[in-house]
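Colleague: Please find one structure pasted underneath; my questions will follow.
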Amino acid sequence: MLEVIKGRRSIRDFCDKELPDEHLRLVLEAGIWAPSGSNLQPWEFVLVKDRDLLEKVKLFSPGLFGRPAAIIVVCINRKIAEKAGKMGEFMSLMDVSMAAENMMLMAYALDIGSCPVASFNKMAVKELLDLPAHVEPALIITLGY
């Protein structure tokens with residue numbers, strides 16, 4: 001495990017090669033198994049593989065480099081987060097961060113490069129993905145070989 005932790009790096013240049021759906025499922029599953037305060041699991045993960053939609057998201061994401069095969073938009077479900085009361089905002093951000101790290105470590109274990117992207121227009125991405133009002137994008141994870 002320490003090899004995976006030490007080996008993972010932010011990858012910003014990708015080959016033009018599709019990712020197997022089974023590997024993407026494993027990456028998402030790793031996120032679901034992340035620790036969560038009070039086990040609220042206030043996350044929503046939006047997988048984007050469609051090339052046209054990826055290019056549109058990229059227009060609003062100055063921190064998104066290269067041409068990833070897929071992205072995962074890691075979101076906070078505010079309806080779930082508010083169940084934690086005053087700590088909901090802080091806890092939900094920690095929870096989605098741990099989920100994102102789990103996903104990037106799993107990607108690395110599968111020989112998939114990844115990079116966390118915080119520099120993006122959240123409102124534009126929310127609109128592009130047609131997310132409900134209570135679901136807020138927090139981070140983008142790029143994925144590719």
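Identifiers for the structure tokens are assigned positionally: chains receive A, B, ... in sequence, residues are indexed from 1 per chain, and ligands are indexed from 1 in the order shown.
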Considering only alpha helix (DSSP H) as DSSP defines it on the backbone, what residues of region 13-140 of chain A qualify? List them as a PyMOL selection string.
Modeller: chain A and resi 21-32+51-59+78-81+88-109+122-128
Colleague: Can you pull out every residue within 6 Å of region 5-17 of chain A, counting only C-alpha atoms, but drop anything in the same chain fewer than 5 positions away, and send it as number ranges by chain?
Modeller: A: 65-68, 108, 113-115, 144-145
Colleague: Considering only C-alpha atoms, return as a PyMOL selection string whatever protein or nucleic-acid residues lie within 6 Å of Ala81 (chain A), sequence-local ones (same chain, fewer than 3 positions apart) excluded.
Modeller: chain A and resi 42+78+84+88+92
Colleague: Using only C-alpha atoms, which residue out of A:Leu59, A:Leu105, A:Met94, A:Leu53 lies closest to Met1 (chain A)?
Modeller: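 The shortest atom-to-atom distance to Met1 (chain A) comes from A:Leu105.
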Colleague: Might you pull out every residue within 8 Å of Gly31 (chain A), with only C-alpha atoms counted and same-chain residues fewer than 2 positions away left off, and present them as an mmCIF file with all heavy atoms, in the first residue's frame?
Modeller:
data_model
loop_
_atom_site.group_PDB
_atom_site.id
_atom_site.type_symbol
_atom_site.label_atom_id
_atom_site.label_comp_id
_atom_site.auth_asym_id
_atom_site.auth_seq_id
_atom_site.Cartn_x
_atom_site.Cartn_y
_atom_site.Cartn_z
ATOM 1 N N VAL A 27 -12.650 2.350 -9.534
ATOM 2 C CA VAL A 27 -12.249 3.675 -9.041
ATOM 3 C C VAL A 27 -13.403 4.309 -8.263
ATOM 4 O O VAL A 27 -13.215 4.826 -7.157
ATOM 5 C CB VAL A 27 -11.781 4.578 -10.211
ATOM 6 C CG1 VAL A 27 -11.607 6.016 -9.755
ATOM 7 C CG2 VAL A 27 -10.486 4.042 -10.813
ATOM 8 N N LEU A 28 -14.604 4.246 -8.823
ATOM 9 C CA LEU A 28 -15.772 4.803 -8.127
ATOM 10 C C LEU A 28 -16.060 4.049 -6.832
ATOM 11 O O LEU A 28 -16.396 4.659 -5.805
ATOM 12 C CB LEU A 28 -16.998 4.786 -9.046
ATOM 13 C CG LEU A 28 -16.927 5.757 -10.231
ATOM 14 C CD1 LEU A 28 -18.004 5.425 -11.255
ATOM 15 C CD2 LEU A 28 -17.031 7.194 -9.766
ATOM 16 N N GLU A 29 -15.921 2.747 -6.859
ATOM 17 C CA GLU A 29 -16.156 1.944 -5.657
ATOM 18 C C GLU A 29 -15.177 2.329 -4.549
ATOM 19 O O GLU A 29 -15.547 2.401 -3.373
ATOM 20 C CB GLU A 29 -16.043 0.456 -5.972
ATOM 21 C CG GLU A 29 -16.385 -0.430 -4.781
ATOM 22 C CD GLU A 29 -16.357 -1.919 -5.100
ATOM 23 O OE1 GLU A 29 -16.214 -2.303 -6.281
ATOM 24 O OE2 GLU A 29 -16.482 -2.702 -4.147
ATOM 25 N N TRP A 33 -16.076 3.684 -0.574
ATOM 26 C CA TRP A 33 -15.579 3.054 0.649
ATOM 27 C C TRP A 33 -14.744 3.993 1.512
ATOM 28 O O TRP A 33 -14.174 3.572 2.523
ATOM 29 C CB TRP A 33 -14.794 1.793 0.310
ATOM 30 C CG TRP A 33 -15.723 0.656 0.036
ATOM 31 C CD1 TRP A 33 -16.148 0.219 -1.182
ATOM 32 C CD2 TRP A 33 -16.383 -0.164 1.010
ATOM 33 N NE1 TRP A 33 -17.027 -0.826 -1.031
ATOM 34 C CE2 TRP A 33 -17.183 -1.083 0.317
ATOM 35 C CE3 TRP A 33 -16.382 -0.206 2.398
ATOM 36 C CZ2 TRP A 33 -17.970 -2.036 0.949
ATOM 37 C CZ3 TRP A 33 -17.161 -1.158 3.035
ATOM 38 C CH2 TRP A 33 -17.938 -2.053 2.311
ATOM 39 N N ALA A 34 -14.696 5.264 1.179
ATOM 40 C CA ALA A 34 -13.934 6.230 1.982
ATOM 41 C C ALA A 34 -14.589 6.428 3.350
ATOM 42 O O ALA A 34 -15.804 6.249 3.506
ATOM 43 C CB ALA A 34 -13.858 7.569 1.250
ATOM 44 N N MET A 98 -11.457 12.703 1.221
ATOM 45 C CA MET A 98 -10.982 11.333 1.448
ATOM 46 C C MET A 98 -11.461 10.405 0.332
ATOM 47 O O MET A 98 -10.719 9.519 -0.119
ATOM 48 C CB MET A 98 -11.435 10.833 2.821
ATOM 49 C CG MET A 98 -10.710 11.541 3.956
ATOM 50 S SD MET A 98 -11.079 10.891 5.594
ATOM 51 C CE MET A 98 -12.679 11.648 5.898
ATOM 52 N N ALA A 99 -12.668 10.612 -0.143
ATOM 53 C CA ALA A 99 -13.178 9.803 -1.249
ATOM 54 C C ALA A 99 -12.345 10.037 -2.508
ATOM 55 O O ALA A 99 -12.000 9.092 -3.232
ATOM 56 C CB ALA A 99 -14.652 10.135 -1.504
ATOM 57 N N ALA A 100 -11.996 11.294 -2.764
ATOM 58 C CA ALA A 100 -11.184 11.627 -3.940
ATOM 59 C C ALA A 100 -9.811 10.958 -3.855
ATOM 60 O O ALA A 100 -9.322 10.391 -4.848
ATOM 61 C CB ALA A 100 -11.039 13.140 -4.069
ATOM 62 N N GLU A 101 -9.190 10.989 -2.684
ATOM 63 C CA GLU A 101 -7.879 10.351 -2.533
ATOM 64 C C GLU A 101 -7.992 8.849 -2.753
ATOM 65 O O GLU A 101 -7.151 8.255 -3.424
ATOM 66 C CB GLU A 101 -7.291 10.640 -1.152
ATOM 67 C CG GLU A 101 -5.924 10.022 -0.940
ATOM 68 C CD GLU A 101 -4.823 10.618 -1.801
ATOM 69 O OE1 GLU A 101 -5.048 11.626 -2.495
ATOM 70 O OE2 GLU A 101 -3.709 10.061 -1.789
ATOM 71 N N ASN A 102 -9.037 8.216 -2.202
ATOM 72 C CA ASN A 102 -9.240 6.781 -2.437
ATOM 73 C C ASN A 102 -9.316 6.490 -3.938
ATOM 74 O O ASN A 102 -8.722 5.529 -4.427
ATOM 75 C CB ASN A 102 -10.531 6.294 -1.778
ATOM 76 C CG ASN A 102 -10.348 5.862 -0.345
ATOM 77 O OD1 ASN A 102 -9.348 6.162 0.292
ATOM 78 N ND2 ASN A 102 -11.343 5.169 0.184
ATOM 79 N N MET A 103 -10.065 7.322 -4.670
ATOM 80 C CA MET A 103 -10.231 7.097 -6.107
ATOM 81 C C MET A 103 -8.911 7.262 -6.852
ATOM 82 O O MET A 103 -8.593 6.474 -7.750
ATOM 83 C CB MET A 103 -11.312 8.017 -6.668
ATOM 84 C CG MET A 103 -12.702 7.613 -6.210
ATOM 85 S SD MET A 103 -14.033 8.522 -7.025
ATOM 86 C CE MET A 103 -14.092 9.996 -6.026
#
Colleague: My list of candidates is A:Ala109, A:Ala118, A:Val4, A:Val96. Which is closest to Leu139 (chain A) when distances are computed with only C-alpha atoms?
Modeller: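 Comparing A:Ala109, A:Ala118, A:Val4, A:Val96 against Leu139 (chain A), the winner is A:Ala118.
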Colleague: Pick out the residues sitting within 8 Å of Leu26 (chain A), and hand them over as a PDB file with N, CA and C atoms, in the first residue's frame; count only C-alpha atoms, and ignore anything fewer than 4 positions along from it in its own chain.
Modeller:
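As a result, result-v3.pdb now contains:
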ATOM      1  N   GLU A  22     -14.864  -1.498 -16.341  1.00  0.00           N
ATOM      2  CA  GLU A  22     -14.634  -2.210 -15.082  1.00  0.00           C
ATOM      3  C   GLU A  22     -13.641  -1.461 -14.193  1.00  0.00           C
ATOM      4  N   ALA A  30     -13.939   2.605  -4.914  1.00  0.00           N
ATOM      5  CA  ALA A  30     -12.949   3.029  -3.923  1.00  0.00           C
ATOM      6  C   ALA A  30     -13.398   4.323  -3.239  1.00  0.00           C
ATOM      7  N   MET A 106      -6.720   4.215  -6.136  1.00  0.00           N
ATOM      8  CA  MET A 106      -7.190   3.052  -6.898  1.00  0.00           C
ATOM      9  C   MET A 106      -6.810   3.197  -8.367  1.00  0.00           C
TER      10      MET A 106
END
Colleague: Using only C-alpha atoms, which residues sit within 12 Å of Ala133 (chain A) once same-chain residues fewer than 6 positions away are excluded, as an MDAnalysis selection string?
Modeller: chainID A and resid 75:79 123 126:127
Colleague: Next, the residues of the selection above should be written as a CSV table (one decimal), in the first residue's frame with C-alpha atoms.
Modeller:
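The resulting result_16.csv:
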chain,number,residue,atom,x,y,z
A,75,CYS,CA,-19.8,16.7,-5.5
A,76,ILE,CA,-21.2,17.5,-2.1
A,77,ASN,CA,-24.9,16.6,-1.5
A,78,ARG,CA,-26.0,19.5,0.7
A,79,LYS,CA,-29.2,17.8,1.8
A,123,MET,CA,-21.6,27.0,-11.5
A,126,LYS,CA,-23.0,22.3,-12.4
A,127,GLU,CA,-25.1,23.7,-15.3
Colleague: Using only C-alpha atoms, which of A:Val57, A:Ile71, A:Leu93, A:Leu128 sits nearest Ile140 (chain A)?
Modeller: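 Nearest candidate to Ile140 (chain A) out of A:Val57, A:Ile71, A:Leu93, A:Leu128: A:Ile71.
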Colleague: Do you have the CA of Leu129 (chain A)-CA of Thr142 (chain A) distance handy?
Modeller: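 Pair CA of Leu129 (chain A) / CA of Thr142 (chain A) returns 15.8 Å.
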